[in-house]
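File shown: entry.pdb (PDB, C-alpha atoms, pLDDT in the B column).
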```pdb
ATOM      1  CA  MET A 391      86.456 -19.527 -11.848  1.00 56.00           C
ATOM      2  CA  THR A 392      87.865 -17.939 -14.989  1.00 67.00           C
ATOM      3  CA  GLU A 393      89.058 -14.376 -14.616  1.00 75.00           C
ATOM      4  CA  VAL A 394      87.143 -11.971 -16.833  1.00 86.00           C
ATOM      5  CA  LEU A 395      89.563  -9.560 -18.457  1.00 91.00           C
ATOM      6  CA  THR A 396      88.177  -6.077 -18.745  1.00 94.00           C
ATOM      7  CA  LYS A 397      89.184  -2.774 -20.243  1.00 94.00           C
ATOM      8  CA  LEU A 398      88.336   0.782 -19.384  1.00 96.00           C
ATOM      9  CA  VAL A 399      87.039   2.916 -22.226  1.00 97.00           C
ATOM     10  CA  VAL A 400      87.240   6.696 -21.877  1.00 97.00           C
ATOM     11  CA  ASP A 401      85.154   8.646 -24.379  1.00 97.00           C
ATOM     12  CA  CYS A 402      87.131  11.869 -24.776  1.00 97.00           C
ATOM     13  CA  SER A 403      84.169  13.685 -26.314  1.00 96.00           C
ATOM     14  CA  THR A 404      81.876  13.115 -23.335  1.00 96.00           C
ATOM     15  CA  GLY A 405      84.189  12.146 -20.490  1.00 94.00           C
ATOM     16  CA  GLU A 406      82.161   8.984 -19.950  1.00 96.00           C
ATOM     17  CA  GLN A 407      84.151   6.009 -18.640  1.00 96.00           C
ATOM     18  CA  THR A 408      82.954   2.439 -19.127  1.00 96.00           C
ATOM     19  CA  VAL A 409      84.372  -0.915 -18.056  1.00 96.00           C
ATOM     20  CA  VAL A 410      83.725  -3.658 -20.623  1.00 95.00           C
ATOM     21  CA  PRO A 411      84.973  -7.249 -21.075  1.00 95.00           C
ATOM     22  CA  LEU A 412      87.717  -7.847 -23.665  1.00 91.00           C
ATOM     23  CA  THR A 413      86.618  -9.448 -26.922  1.00 91.00           C
ATOM     24  CA  ALA A 414      88.169 -12.712 -28.090  1.00 92.00           C
ATOM     25  CA  GLU A 415      90.084 -10.727 -30.706  1.00 89.00           C
ATOM     26  CA  GLU A 416      91.470  -8.361 -28.094  1.00 85.00           C
ATOM     27  CA  ILE A 417      92.546 -11.252 -25.894  1.00 88.00           C
ATOM     28  CA  ALA A 418      94.296 -12.866 -28.868  1.00 88.00           C
ATOM     29  CA  GLN A 419      96.077  -9.593 -29.684  1.00 82.00           C
ATOM     30  CA  ARG A 420      97.115  -9.231 -26.058  1.00 82.00           C
ATOM     31  CA  GLU A 421      98.624 -12.720 -26.090  1.00 85.00           C
ATOM     32  CA  ALA A 422     100.334 -12.083 -29.435  1.00 84.00           C
ATOM     33  CA  ASP A 423     101.827  -8.832 -28.118  1.00 78.00           C
ATOM     34  CA  ALA A 424     103.117 -10.598 -25.026  1.00 80.00           C
ATOM     35  CA  ALA A 425     104.702 -13.372 -27.093  1.00 84.00           C
ATOM     36  CA  ALA A 426     106.294 -10.901 -29.502  1.00 79.00           C
ATOM     37  CA  TYR A 427     107.600  -8.802 -26.624  1.00 78.00           C
ATOM     38  CA  ALA A 428     109.092 -11.871 -24.930  1.00 81.00           C
ATOM     39  CA  GLU A 429     110.758 -12.890 -28.180  1.00 84.00           C
ATOM     40  CA  ALA A 430     112.191  -9.419 -28.800  1.00 77.00           C
ATOM     41  CA  GLU A 431     113.411  -9.129 -25.227  1.00 78.00           C
ATOM     42  CA  ALA A 432     115.062 -12.576 -25.356  1.00 86.00           C
ATOM     43  CA  ALA A 433     116.808 -11.609 -28.591  1.00 84.00           C
ATOM     44  CA  ARG A 434     118.060  -8.380 -27.030  1.00 76.00           C
ATOM     45  CA  VAL A 435     119.404 -10.168 -23.968  1.00 82.00           C
ATOM     46  CA  ALA A 436     121.048 -12.874 -26.089  1.00 88.00           C
ATOM     47  CA  ALA A 437     122.732 -10.272 -28.302  1.00 85.00           C
ATOM     48  CA  GLU A 438     123.939  -8.363 -25.257  1.00 80.00           C
ATOM     49  CA  GLU A 439     125.376 -11.519 -23.699  1.00 87.00           C
ATOM     50  CA  ALA A 440     127.029 -12.606 -26.944  1.00 90.00           C
ATOM     51  CA  LYS A 441     128.694  -9.210 -27.325  1.00 87.00           C
ATOM     52  CA  ALA A 442     129.942  -9.296 -23.742  1.00 87.00           C
ATOM     53  CA  ALA A 443     131.377 -12.778 -24.287  1.00 91.00           C
ATOM     54  CA  LEU A 444     133.162 -11.667 -27.453  1.00 91.00           C
ATOM     55  CA  LYS A 445     134.669  -8.680 -25.656  1.00 90.00           C
ATOM     56  CA  ALA A 446     135.870 -10.863 -22.802  1.00 92.00           C
ATOM     57  CA  SER A 447     137.416 -13.335 -25.221  1.00 93.00           C
ATOM     58  CA  ALA A 448     139.088 -10.567 -27.226  1.00 92.00           C
ATOM     59  CA  LYS A 449     140.495  -9.000 -24.079  1.00 91.00           C
ATOM     60  CA  ALA A 450     141.898 -12.311 -22.868  1.00 94.00           C
ATOM     61  CA  LYS A 451     143.560 -12.975 -26.224  1.00 93.00           C
ATOM     62  CA  LEU A 452     145.060  -9.489 -26.347  1.00 92.00           C
ATOM     63  CA  ILE A 453     146.581  -9.969 -22.917  1.00 93.00           C
ATOM     64  CA  ALA A 454     147.913 -13.378 -23.910  1.00 95.00           C
ATOM     65  CA  GLY A 455     149.243 -12.084 -27.231  1.00 94.00           C
ATOM     66  CA  GLN A 456     147.062 -14.416 -29.264  1.00 94.00           C
ATOM     67  CA  PRO A 457     145.425 -13.565 -32.618  1.00 92.00           C
ATOM     68  CA  LEU A 458     141.805 -12.393 -32.565  1.00 92.00           C
ATOM     69  CA  THR A 459     139.006 -13.649 -34.738  1.00 92.00           C
ATOM     70  CA  ALA A 460     137.322 -11.163 -37.071  1.00 91.00           C
ATOM     71  CA  GLU A 461     134.281 -11.070 -34.771  1.00 89.00           C
ATOM     72  CA  GLU A 462     136.436 -10.375 -31.722  1.00 89.00           C
ATOM     73  CA  ALA A 463     138.293  -7.591 -33.541  1.00 89.00           C
ATOM     74  CA  GLU A 464     134.948  -6.106 -34.636  1.00 87.00           C
ATOM     75  CA  VAL A 465     133.724  -5.572 -31.076  1.00 84.00           C
ATOM     76  CA  LEU A 466     136.931  -3.747 -30.183  1.00 81.00           C
ATOM     77  CA  VAL A 467     136.812  -1.310 -33.111  1.00 75.00           C
ATOM     78  CA  ILE A 468     134.929   1.867 -32.315  1.00 62.00           C
TER      79      ILE A 468
ATOM     80  CA  MET B 978     105.793  21.847 -17.291  1.00 45.00           C
ATOM     81  CA  PRO B 979     106.201  19.087 -19.874  1.00 49.00           C
ATOM     82  CA  ILE B 980     109.752  18.894 -21.112  1.00 50.00           C
ATOM     83  CA  LEU B 981     109.117  17.118 -24.388  1.00 54.00           C
ATOM     84  CA  GLY B 982     106.433  19.541 -25.393  1.00 51.00           C
ATOM     85  CA  ILE B 983     108.774  22.451 -25.020  1.00 48.00           C
ATOM     86  CA  ILE B 984     111.488  20.816 -27.072  1.00 48.00           C
ATOM     87  CA  ALA B 985     109.301  19.532 -29.867  1.00 50.00           C
ATOM     88  CA  SER B 986     107.258  22.687 -30.120  1.00 48.00           C
ATOM     89  CA  SER B 987     110.226  25.022 -30.154  1.00 48.00           C
ATOM     90  CA  LYS B 988     110.426  24.673 -33.931  1.00 51.00           C
ATOM     91  CA  LEU B 989     106.925  25.990 -34.426  1.00 50.00           C
ATOM     92  CA  THR B 990     106.475  29.607 -35.300  1.00 54.00           C
ATOM     93  CA  ALA B 991     103.776  30.132 -32.701  1.00 63.00           C
ATOM     94  CA  VAL B 992     102.148  27.945 -30.138  1.00 65.00           C
ATOM     95  CA  SER B 993      99.432  28.483 -27.624  1.00 67.00           C
ATOM     96  CA  SER B 994     100.426  29.271 -24.078  1.00 73.00           C
ATOM     97  CA  ALA B 995      99.536  25.948 -22.523  1.00 83.00           C
ATOM     98  CA  PHE B 996      98.458  22.400 -23.085  1.00 90.00           C
ATOM     99  CA  GLU B 997      94.712  21.996 -22.794  1.00 94.00           C
ATOM    100  CA  PHE B 998      93.176  19.151 -20.861  1.00 95.00           C
ATOM    101  CA  ILE B 999      91.382  16.536 -22.982  1.00 96.00           C
ATOM    102  CA  ALA B1000      90.772  13.537 -20.724  1.00 97.00           C
ATOM    103  CA  ARG B1001      92.035  11.742 -17.650  1.00 96.00           C
ATOM    104  CA  THR B1002      91.343   8.477 -15.906  1.00 96.00           C
ATOM    105  CA  GLU B1003      92.478   6.851 -12.698  1.00 96.00           C
ATOM    106  CA  ILE B1004      91.383   3.254 -12.438  1.00 93.00           C
ATOM    107  CA  ASN B1005      90.019   1.797  -9.213  1.00 92.00           C
ATOM    108  CA  SER B1006      90.228  -1.859 -10.228  1.00 91.00           C
ATOM    109  CA  THR B1007      92.649  -3.909 -12.318  1.00 91.00           C
ATOM    110  CA  GLN B1008      92.177  -3.345 -16.047  1.00 93.00           C
ATOM    111  CA  SER B1009      93.743  -5.189 -18.977  1.00 91.00           C
ATOM    112  CA  SER B1010      93.771  -2.116 -21.138  1.00 91.00           C
ATOM    113  CA  ILE B1011      92.643   1.479 -21.253  1.00 94.00           C
ATOM    114  CA  THR B1012      91.082   3.026 -24.332  1.00 95.00           C
ATOM    115  CA  PHE B1013      90.760   6.706 -25.119  1.00 97.00           C
ATOM    116  CA  SER B1014      88.204   7.050 -27.891  1.00 97.00           C
ATOM    117  CA  SER B1015      86.872  10.021 -29.855  1.00 98.00           C
ATOM    118  CA  ILE B1016      90.023  12.091 -29.352  1.00 98.00           C
ATOM    119  CA  SER B1017      89.328  15.522 -30.775  1.00 97.00           C
ATOM    120  CA  THR B1018      91.384  16.540 -33.811  1.00 96.00           C
ATOM    121  CA  SER B1019      91.041  20.230 -32.983  1.00 95.00           C
ATOM    122  CA  TYR B1020      94.599  20.316 -31.618  1.00 95.00           C
ATOM    123  CA  GLN B1021      97.892  19.973 -33.470  1.00 94.00           C
ATOM    124  CA  HIS B1022      99.886  18.015 -30.902  1.00 94.00           C
ATOM    125  CA  LEU B1023      99.192  15.618 -28.070  1.00 95.00           C
ATOM    126  CA  LEU B1024     100.831  14.973 -24.750  1.00 95.00           C
ATOM    127  CA  ILE B1025     100.063  11.802 -22.801  1.00 94.00           C
ATOM    128  CA  LEU B1026     101.133  11.472 -19.201  1.00 93.00           C
ATOM    129  CA  GLY B1027     101.037   8.223 -17.281  1.00 91.00           C
ATOM    130  CA  SER B1028     101.582   7.016 -13.752  1.00 90.00           C
ATOM    131  CA  VAL B1029     101.521   3.264 -14.023  1.00 88.00           C
ATOM    132  CA  ALA B1030     101.607   0.258 -11.717  1.00 87.00           C
ATOM    133  CA  PRO B1031     101.402  -3.213 -13.228  1.00 83.00           C
ATOM    134  CA  ASN B1032      99.442  -6.215 -12.015  1.00 82.00           C
ATOM    135  CA  PRO B1033     101.080  -8.615 -11.293  1.00 80.00           C
ATOM    136  CA  ALA B1034     103.811  -6.433  -9.862  1.00 75.00           C
ATOM    137  CA  ASN B1035     106.722  -6.485 -12.248  1.00 72.00           C
ATOM    138  CA  GLU B1036     108.347  -4.126 -14.667  1.00 68.00           C
ATOM    139  CA  VAL B1037     105.934  -3.310 -17.448  1.00 69.00           C
ATOM    140  CA  THR B1038     106.068  -1.310 -20.611  1.00 77.00           C
ATOM    141  CA  THR B1039     103.047   0.339 -22.076  1.00 83.00           C
ATOM    142  CA  ILE B1040     102.084  -0.493 -25.630  1.00 84.00           C
ATOM    143  CA  PHE B1041     100.489   2.325 -27.585  1.00 88.00           C
ATOM    144  CA  THR B1042      98.067   1.250 -30.279  1.00 89.00           C
ATOM    145  CA  TRP B1043      96.631   4.129 -32.287  1.00 93.00           C
ATOM    146  CA  ASN B1044      93.449   3.684 -34.298  1.00 95.00           C
ATOM    147  CA  SER B1045      93.730  -0.123 -33.962  1.00 89.00           C
ATOM    148  CA  GLN B1046      96.836  -0.171 -36.190  1.00 90.00           C
ATOM    149  CA  THR B1047      99.098  -3.015 -35.074  1.00 83.00           C
ATOM    150  CA  GLY B1048     101.302  -3.160 -38.196  1.00 85.00           C
ATOM    151  CA  ASN B1049     103.769  -0.714 -39.737  1.00 90.00           C
ATOM    152  CA  ARG B1050     104.947   0.676 -36.447  1.00 87.00           C
ATOM    153  CA  SER B1051     108.335   0.573 -34.823  1.00 85.00           C
ATOM    154  CA  ALA B1052     110.287   2.058 -31.981  1.00 86.00           C
ATOM    155  CA  ILE B1053     113.760   2.378 -30.574  1.00 86.00           C
ATOM    156  CA  TYR B1054     114.734   2.994 -26.982  1.00 82.00           C
ATOM    157  CA  ILE B1055     117.749   3.920 -25.024  1.00 84.00           C
ATOM    158  CA  GLY B1056     117.443   2.543 -21.544  1.00 79.00           C
ATOM    159  CA  SER B1057     119.334   0.819 -18.781  1.00 73.00           C
ATOM    160  CA  SER B1058     119.578  -2.851 -17.960  1.00 65.00           C
ATOM    161  CA  GLY B1059     121.066  -2.213 -14.526  1.00 64.00           C
ATOM    162  CA  SER B1060     124.590  -2.914 -15.722  1.00 68.00           C
ATOM    163  CA  GLY B1061     124.753  -0.254 -18.404  1.00 73.00           C
ATOM    164  CA  ALA B1062     122.862   1.612 -21.074  1.00 76.00           C
ATOM    165  CA  PHE B1063     121.553  -0.140 -24.146  1.00 73.00           C
ATOM    166  CA  ALA B1064     119.665   0.683 -27.308  1.00 75.00           C
ATOM    167  CA  HIS B1065     116.668  -1.476 -27.977  1.00 72.00           C
ATOM    168  CA  ASP B1066     114.617  -1.904 -31.108  1.00 69.00           C
ATOM    169  CA  ALA B1067     111.001  -2.626 -30.356  1.00 69.00           C
ATOM    170  CA  VAL B1068     108.178  -3.763 -32.545  1.00 61.00           C
ATOM    171  CA  TRP B1069     105.535  -1.567 -31.042  1.00 63.00           C
ATOM    172  CA  LEU B1070     105.032   1.931 -29.886  1.00 64.00           C
ATOM    173  CA  VAL B1071     105.987   1.466 -26.273  1.00 68.00           C
ATOM    174  CA  ASP B1072     107.247   3.420 -23.345  1.00 66.00           C
ATOM    175  CA  TYR B1073     109.171   2.089 -20.441  1.00 69.00           C
ATOM    176  CA  SER B1074     107.045   2.764 -17.445  1.00 70.00           C
ATOM    177  CA  GLY B1075     105.476   1.010 -14.533  1.00 71.00           C
ATOM    178  CA  GLY B1076     107.008  -0.100 -11.277  1.00 73.00           C
ATOM    179  CA  ASN B1077     108.344  -3.499 -10.378  1.00 71.00           C
ATOM    180  CA  GLY B1078     106.919  -3.790  -6.901  1.00 72.00           C
ATOM    181  CA  SER B1079     103.535  -3.676  -5.319  1.00 75.00           C
ATOM    182  CA  ASN B1080     101.973  -0.229  -5.346  1.00 78.00           C
ATOM    183  CA  ILE B1081     104.981   1.349  -7.018  1.00 83.00           C
ATOM    184  CA  PHE B1082     104.231   3.660  -9.883  1.00 86.00           C
ATOM    185  CA  GLY B1083     106.491   4.394 -12.789  1.00 86.00           C
ATOM    186  CA  SER B1084     105.821   7.450 -14.879  1.00 87.00           C
ATOM    187  CA  PHE B1085     106.288   8.698 -18.402  1.00 89.00           C
ATOM    188  CA  GLU B1086     105.371  11.425 -20.807  1.00 91.00           C
ATOM    189  CA  HIS B1087     104.785  10.831 -24.463  1.00 93.00           C
ATOM    190  CA  TYR B1088     104.592  13.606 -27.029  1.00 94.00           C
ATOM    191  CA  VAL B1089     102.921  13.118 -30.415  1.00 95.00           C
ATOM    192  CA  PRO B1090     103.475  16.040 -32.773  1.00 94.00           C
ATOM    193  CA  SER B1091     101.054  16.661 -35.629  1.00 94.00           C
ATOM    194  CA  TYR B1092      98.766  13.828 -34.541  1.00 96.00           C
ATOM    195  CA  SER B1093      95.798  15.421 -36.304  1.00 96.00           C
ATOM    196  CA  ASN B1094      97.651  16.025 -39.567  1.00 95.00           C
ATOM    197  CA  THR B1095      96.412  13.942 -42.494  1.00 96.00           C
ATOM    198  CA  THR B1096      99.523  14.214 -44.676  1.00 94.00           C
ATOM    199  CA  TYR B1097     102.422  13.188 -42.479  1.00 90.00           C
ATOM    200  CA  THR B1098     103.232   9.798 -41.068  1.00 94.00           C
ATOM    201  CA  LYS B1099     103.151   9.928 -37.272  1.00 95.00           C
ATOM    202  CA  SER B1100     105.905   9.836 -34.728  1.00 94.00           C
ATOM    203  CA  GLY B1101     106.269  10.167 -31.000  1.00 93.00           C
ATOM    204  CA  VAL B1102     108.966  10.775 -28.449  1.00 92.00           C
ATOM    205  CA  SER B1103     108.930   9.752 -24.836  1.00 90.00           C
ATOM    206  CA  ILE B1104     110.787   9.790 -21.594  1.00 90.00           C
ATOM    207  CA  GLY B1105     109.998   7.450 -18.741  1.00 87.00           C
ATOM    208  CA  VAL B1106     111.271   5.968 -15.563  1.00 84.00           C
ATOM    209  CA  VAL B1107     110.725   2.641 -13.835  1.00 79.00           C
ATOM    210  CA  GLU B1108     110.473   3.175 -10.120  1.00 77.00           C
ATOM    211  CA  SER B1109     111.794   0.296  -8.077  1.00 72.00           C
ATOM    212  CA  THR B1110     112.320  -1.148  -4.647  1.00 69.00           C
ATOM    213  CA  SER B1111     116.006  -1.589  -5.461  1.00 70.00           C
ATOM    214  CA  SER B1112     118.716   0.928  -6.260  1.00 69.00           C
ATOM    215  CA  HIS B1113     118.073   0.402  -9.950  1.00 68.00           C
ATOM    216  CA  ALA B1114     115.392   2.736 -11.271  1.00 70.00           C
ATOM    217  CA  PRO B1115     116.165   3.043 -14.957  1.00 76.00           C
ATOM    218  CA  GLY B1116     115.067   5.922 -17.076  1.00 82.00           C
ATOM    219  CA  SER B1117     114.570   5.694 -20.801  1.00 84.00           C
ATOM    220  CA  VAL B1118     114.053   7.794 -23.859  1.00 88.00           C
ATOM    221  CA  GLY B1119     112.229   6.510 -26.893  1.00 89.00           C
ATOM    222  CA  TYR B1120     111.247   7.311 -30.441  1.00 90.00           C
ATOM    223  CA  GLN B1121     108.222   5.760 -32.069  1.00 90.00           C
ATOM    224  CA  GLN B1122     107.151   5.704 -35.678  1.00 91.00           C
ATOM    225  CA  LEU B1123     103.724   4.887 -37.077  1.00 93.00           C
ATOM    226  CA  GLU B1124     103.269   4.608 -40.823  1.00 94.00           C
ATOM    227  CA  ARG B1125      99.884   6.254 -40.908  1.00 95.00           C
ATOM    228  CA  THR B1126      98.849   9.532 -42.499  1.00 96.00           C
ATOM    229  CA  GLY B1127      95.352   9.716 -41.048  1.00 96.00           C
ATOM    230  CA  ALA B1128      94.635  11.638 -37.872  1.00 97.00           C
ATOM    231  CA  LEU B1129      94.991   9.758 -34.593  1.00 97.00           C
ATOM    232  CA  THR B1130      91.623   9.627 -32.867  1.00 97.00           C
ATOM    233  CA  SER B1131      91.769   6.606 -30.587  1.00 97.00           C
ATOM    234  CA  LEU B1132      94.430   5.157 -28.341  1.00 95.00           C
ATOM    235  CA  VAL B1133      94.599   1.799 -26.599  1.00 91.00           C
ATOM    236  CA  LEU B1134      97.133   1.360 -23.809  1.00 90.00           C
ATOM    237  CA  THR B1135      98.133  -2.160 -22.855  1.00 86.00           C
ATOM    238  CA  GLY B1136     100.917  -3.722 -20.846  1.00 81.00           C
ATOM    239  CA  THR B1137     103.459  -6.170 -22.186  1.00 76.00           C
ATOM    240  CA  SER B1138     103.735  -9.776 -21.035  1.00 71.00           C
ATOM    241  CA  SER B1139      99.949  -9.994 -20.564  1.00 76.00           C
ATOM    242  CA  GLN B1140     100.198  -7.732 -17.542  1.00 81.00           C
ATOM    243  CA  SER B1141      97.326  -5.551 -16.524  1.00 88.00           C
ATOM    244  CA  PHE B1142      97.226  -2.131 -14.916  1.00 90.00           C
ATOM    245  CA  ALA B1143      96.761  -2.033 -11.167  1.00 89.00           C
ATOM    246  CA  SER B1144      94.336   0.133  -9.275  1.00 90.00           C
ATOM    247  CA  GLY B1145      95.631   3.674  -8.974  1.00 91.00           C
ATOM    248  CA  THR B1146      97.155   3.729 -12.456  1.00 91.00           C
ATOM    249  CA  SER B1147      96.305   6.989 -14.165  1.00 93.00           C
ATOM    250  CA  TYR B1148      96.634   8.473 -17.625  1.00 94.00           C
ATOM    251  CA  ALA B1149      95.874  11.916 -18.942  1.00 96.00           C
ATOM    252  CA  ILE B1150      95.812  13.447 -22.411  1.00 96.00           C
ATOM    253  CA  TYR B1151      96.436  17.086 -23.269  1.00 96.00           C
ATOM    254  CA  GLY B1152      96.285  18.952 -26.559  1.00 96.00           C
ATOM    255  CA  LEU B1153      98.354  21.823 -27.898  1.00 94.00           C
ATOM    256  CA  LYS B1154      97.280  24.183 -30.649  1.00 89.00           C
ATOM    257  CA  ASN B1155      99.263  26.365 -32.974  1.00 81.00           C
ATOM    258  CA  SER B1156      98.004  29.839 -32.389  1.00 69.00           C
TER     259      SER B1156
END
```
Please rewrite the model in this file as structure tokens.
Amino acid sequence: MTEVLTKLVVDCSTGEQTVVPLTAEEIAQREADAAAYAEAEAARVAAEEAKAALKASAKAKLIAGQPLTAEEAEVLVI
Amino acid sequence: MPILGIIASSKLTAVSSAFEFIARTEINSTQSSITFSSISTSYQHLLILGSVAPNPANEVTTIFTWNSQTGNRSAIYIGSSGSGAFAHDAVWLVDYSGGNGSNIFGSFEHYVPSYSNTTYTKSGVSIGVVESTSSHAPGSVGYQQLERTGALTSLVLTGTSSQSFASGTSYAIYGLKNS
């Protein structure tokens, strides 16, 4: 049995509250929002991980006395 | 007493003594979204409070959609990933809120100055916290921008990741007038 997605509508002028099924357009928007959020969150996590990796690499090279790449130097400059 | 309201309103020459109640709901069954329609424009500023539990139980953010406008809006957040603070650009007006366990409620407050103004573009500021079953219960602060000059008269609240709001979730809206 397919789950019927519903929303609660609160009319602020009357205080009336009504539960109604989502329209096809609302379901599509909901799915689009979820996909966009997942994409943005994945990009954030990837950027965070890439920056952490660069810092670790830069630190290791500094300790070893090796030259840094421009990207590695960039993450160390405040 | 709402913190954001005090801060944002401190630049006004005169404000009324208290926020006035506009509407509140506490749901008793899972809902995909919650709509506040016909929001009066007789106030200058709005405060929205939420106590939110997602279904299925996981961390959830709340997406704010004003007057059905899904474009020309943006947001930035400062939050915590559990290993440190981070700044996060977001494509919607959202607040970190909602718990990540069964029957755990996160909370937030969201302040929208000059929501009824018809000249300015709209903005909002928020603070929120994700309650948790672990030791990590991150807080967040956020700024939201909506490129819209018309008054804000309807608000749809939805969860990210196709999550719904669990029973017990509640939202309330208050208005503040310049005296």
Taking all atoms listed in the file into account, find every residue of chain B that has an atom no more than 7 Å from chain A, and write it out as an mmCIF file with C-alpha atoms, in the frame of the given file.
```cif
data_model
loop_
_atom_site.group_PDB
_atom_site.id
_atom_site.type_symbol
_atom_site.label_atom_id
_atom_site.label_comp_id
_atom_site.auth_asym_id
_atom_site.auth_seq_id
_atom_site.Cartn_x
_atom_site.Cartn_y
_atom_site.Cartn_z
ATOM 1 C CA ILE B 999 91.382 16.536 -22.982
ATOM 2 C CA ALA B 1000 90.772 13.537 -20.724
ATOM 3 C CA GLN B 1008 92.177 -3.345 -16.047
ATOM 4 C CA SER B 1009 93.743 -5.189 -18.977
ATOM 5 C CA SER B 1010 93.771 -2.116 -21.138
ATOM 6 C CA ILE B 1011 92.643 1.479 -21.253
ATOM 7 C CA THR B 1012 91.082 3.026 -24.332
ATOM 8 C CA PHE B 1013 90.760 6.706 -25.119
ATOM 9 C CA SER B 1014 88.204 7.050 -27.891
ATOM 10 C CA SER B 1015 86.872 10.021 -29.855
ATOM 11 C CA ILE B 1016 90.023 12.091 -29.352
ATOM 12 C CA THR B 1137 103.459 -6.170 -22.186
ATOM 13 C CA SER B 1138 103.735 -9.776 -21.035
ATOM 14 C CA SER B 1139 99.949 -9.994 -20.564
#
```
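A straight line drawn from atom CA of Glu1108 of chain B to atom CA of Ala1143 of chain B is 14.7 Å long.
You will find atom CA of Phe996 of chain B at 9.1 Å from atom CA of His1022 of chain B.
With distances restricted to only C-alpha atoms, A:Ala437 is the closest residue to Phe1063 of chain B from A:Pro457, A:Ala437, A:Ala432, A:Leu466.
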**Request:** Measuring atom to atom with only C-alpha atoms, identify which of B:Ser1051, B:Ser1028, B:Ser1141, B:Asn1044 is nearest to Ser1084 of chain B.
**Result:** B:Ser1028
**Request:** Find the spatial neighbours of Ser1019 of chain B, counting only C-alpha atoms, within a cut-off of 10 Å - ignore same-chain residues fewer than 6 positions away - and output them as a ChimeraX atom specification.
**Result:** /B:1093,1152-1154
Output file for the residues above (C-alpha atoms, as a CSV table (one decimal), in the coordinates of the input):
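Listing of again30.csv after writing:
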```
chain,number,residue,atom,x,y,z
B,1093,SER,CA,95.8,15.4,-36.3
B,1152,GLY,CA,96.3,19.0,-26.6
B,1153,LEU,CA,98.4,21.8,-27.9
B,1154,LYS,CA,97.3,24.2,-30.6
```
**Item:** Val465 of chain A surroundings by only C-alpha atoms, 10 Å radius, close-in-sequence under 4 positions cut, as a count of residues only
**Value:** 7
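Candidate residues B:Ala1034, B:Ala1052, B:Ala995, B:Ala1149 were compared for distance to Phe1085 of chain B, and the nearest is B:Ala1149, using all atoms listed in the file.
Compared by their closest atoms to Tyr1054 of chain B, and using all atoms listed in the file, the residues B:Tyr1097, B:Tyr1120, B:Tyr1088, B:Tyr1148 rank with B:Tyr1120 nearest.
The residues caught by the PyMOL selection byres ((chain B and resi 1089) around 9) in this file are Gly982, His1022, Leu1023, Leu1024, Ile1025, His1087, Tyr1088, Pro1090, Ser1091, Tyr1092, Lys1099, Ser1100, Gly1101, Val1102 and Ser1103 of chain B.
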**Asked** Which residues fall under the PyMOL selection byres ((chain B and resi 1079-1083) around 7) in this file, as a PyMOL selection string?
**Response** chain B and resi 1028-1030+1034+1074-1078+1084+1106-1109
**Fill in**
The residue from B:Ala1114, B:Asn1155, B:Ile1053, B:Gln1046 with the smallest atom-to-atom distance to Thr1126 of chain B, counting all atoms listed in the file, is B:Gln1046
Would you please take segment 992-1003 of chain B of the structure in the block above and write N, CA and C atoms to a file as a PDB file, in the first residue's frame?
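Heads up, here's the output in decode.pdb:
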```pdb
ATOM      1  N   VAL B 992       9.960  49.763  20.174  1.00  0.00           N
ATOM      2  CA  VAL B 992       9.274  48.512  19.876  1.00  0.00           C
ATOM      3  C   VAL B 992       8.224  48.263  20.954  1.00  0.00           C
ATOM      4  N   SER B 993       7.275  47.435  20.590  1.00  0.00           N
ATOM      5  CA  SER B 993       6.262  47.091  21.575  1.00  0.00           C
ATOM      6  C   SER B 993       6.881  46.230  22.660  1.00  0.00           C
ATOM      7  N   SER B 994       6.149  46.029  23.729  1.00  0.00           N
ATOM      8  CA  SER B 994       6.737  45.392  24.903  1.00  0.00           C
ATOM      9  C   SER B 994       6.886  43.889  24.781  1.00  0.00           C
ATOM     10  N   ALA B 995       6.192  43.285  23.818  1.00  0.00           N
ATOM     11  CA  ALA B 995       6.264  41.827  23.755  1.00  0.00           C
ATOM     12  C   ALA B 995       5.879  41.329  22.372  1.00  0.00           C
ATOM     13  N   PHE B 996       6.334  40.153  22.057  1.00  0.00           N
ATOM     14  CA  PHE B 996       5.862  39.483  20.854  1.00  0.00           C
ATOM     15  C   PHE B 996       4.410  39.063  21.070  1.00  0.00           C
ATOM     16  N   GLU B 997       3.632  39.165  20.020  1.00  0.00           N
ATOM     17  CA  GLU B 997       2.229  38.769  20.105  1.00  0.00           C
ATOM     18  C   GLU B 997       2.028  37.441  19.373  1.00  0.00           C
ATOM     19  N   PHE B 998       1.273  36.592  19.987  1.00  0.00           N
ATOM     20  CA  PHE B 998       1.003  35.273  19.423  1.00  0.00           C
ATOM     21  C   PHE B 998       0.213  35.386  18.124  1.00  0.00           C
ATOM     22  N   ILE B 999       0.648  34.658  17.093  1.00  0.00           N
ATOM     23  CA  ILE B 999      -0.097  34.615  15.829  1.00  0.00           C
ATOM     24  C   ILE B 999      -0.707  33.231  15.624  1.00  0.00           C
ATOM     25  N   ALA B1000       0.112  32.198  15.695  1.00  0.00           N
ATOM     26  CA  ALA B1000      -0.422  30.844  15.464  1.00  0.00           C
ATOM     27  C   ALA B1000       0.532  29.810  16.027  1.00  0.00           C
ATOM     28  N   ARG B1001      -0.009  28.650  16.329  1.00  0.00           N
ATOM     29  CA  ARG B1001       0.801  27.542  16.832  1.00  0.00           C
ATOM     30  C   ARG B1001       0.176  26.241  16.391  1.00  0.00           C
ATOM     31  N   THR B1002       1.021  25.244  16.148  1.00  0.00           N
ATOM     32  CA  THR B1002       0.492  23.907  15.900  1.00  0.00           C
ATOM     33  C   THR B1002       1.406  22.867  16.517  1.00  0.00           C
ATOM     34  N   GLU B1003       0.802  21.806  16.979  1.00  0.00           N
ATOM     35  CA  GLU B1003       1.547  20.636  17.452  1.00  0.00           C
ATOM     36  C   GLU B1003       0.909  19.442  16.774  1.00  0.00           C
TER      37      GLU B1003
END
```
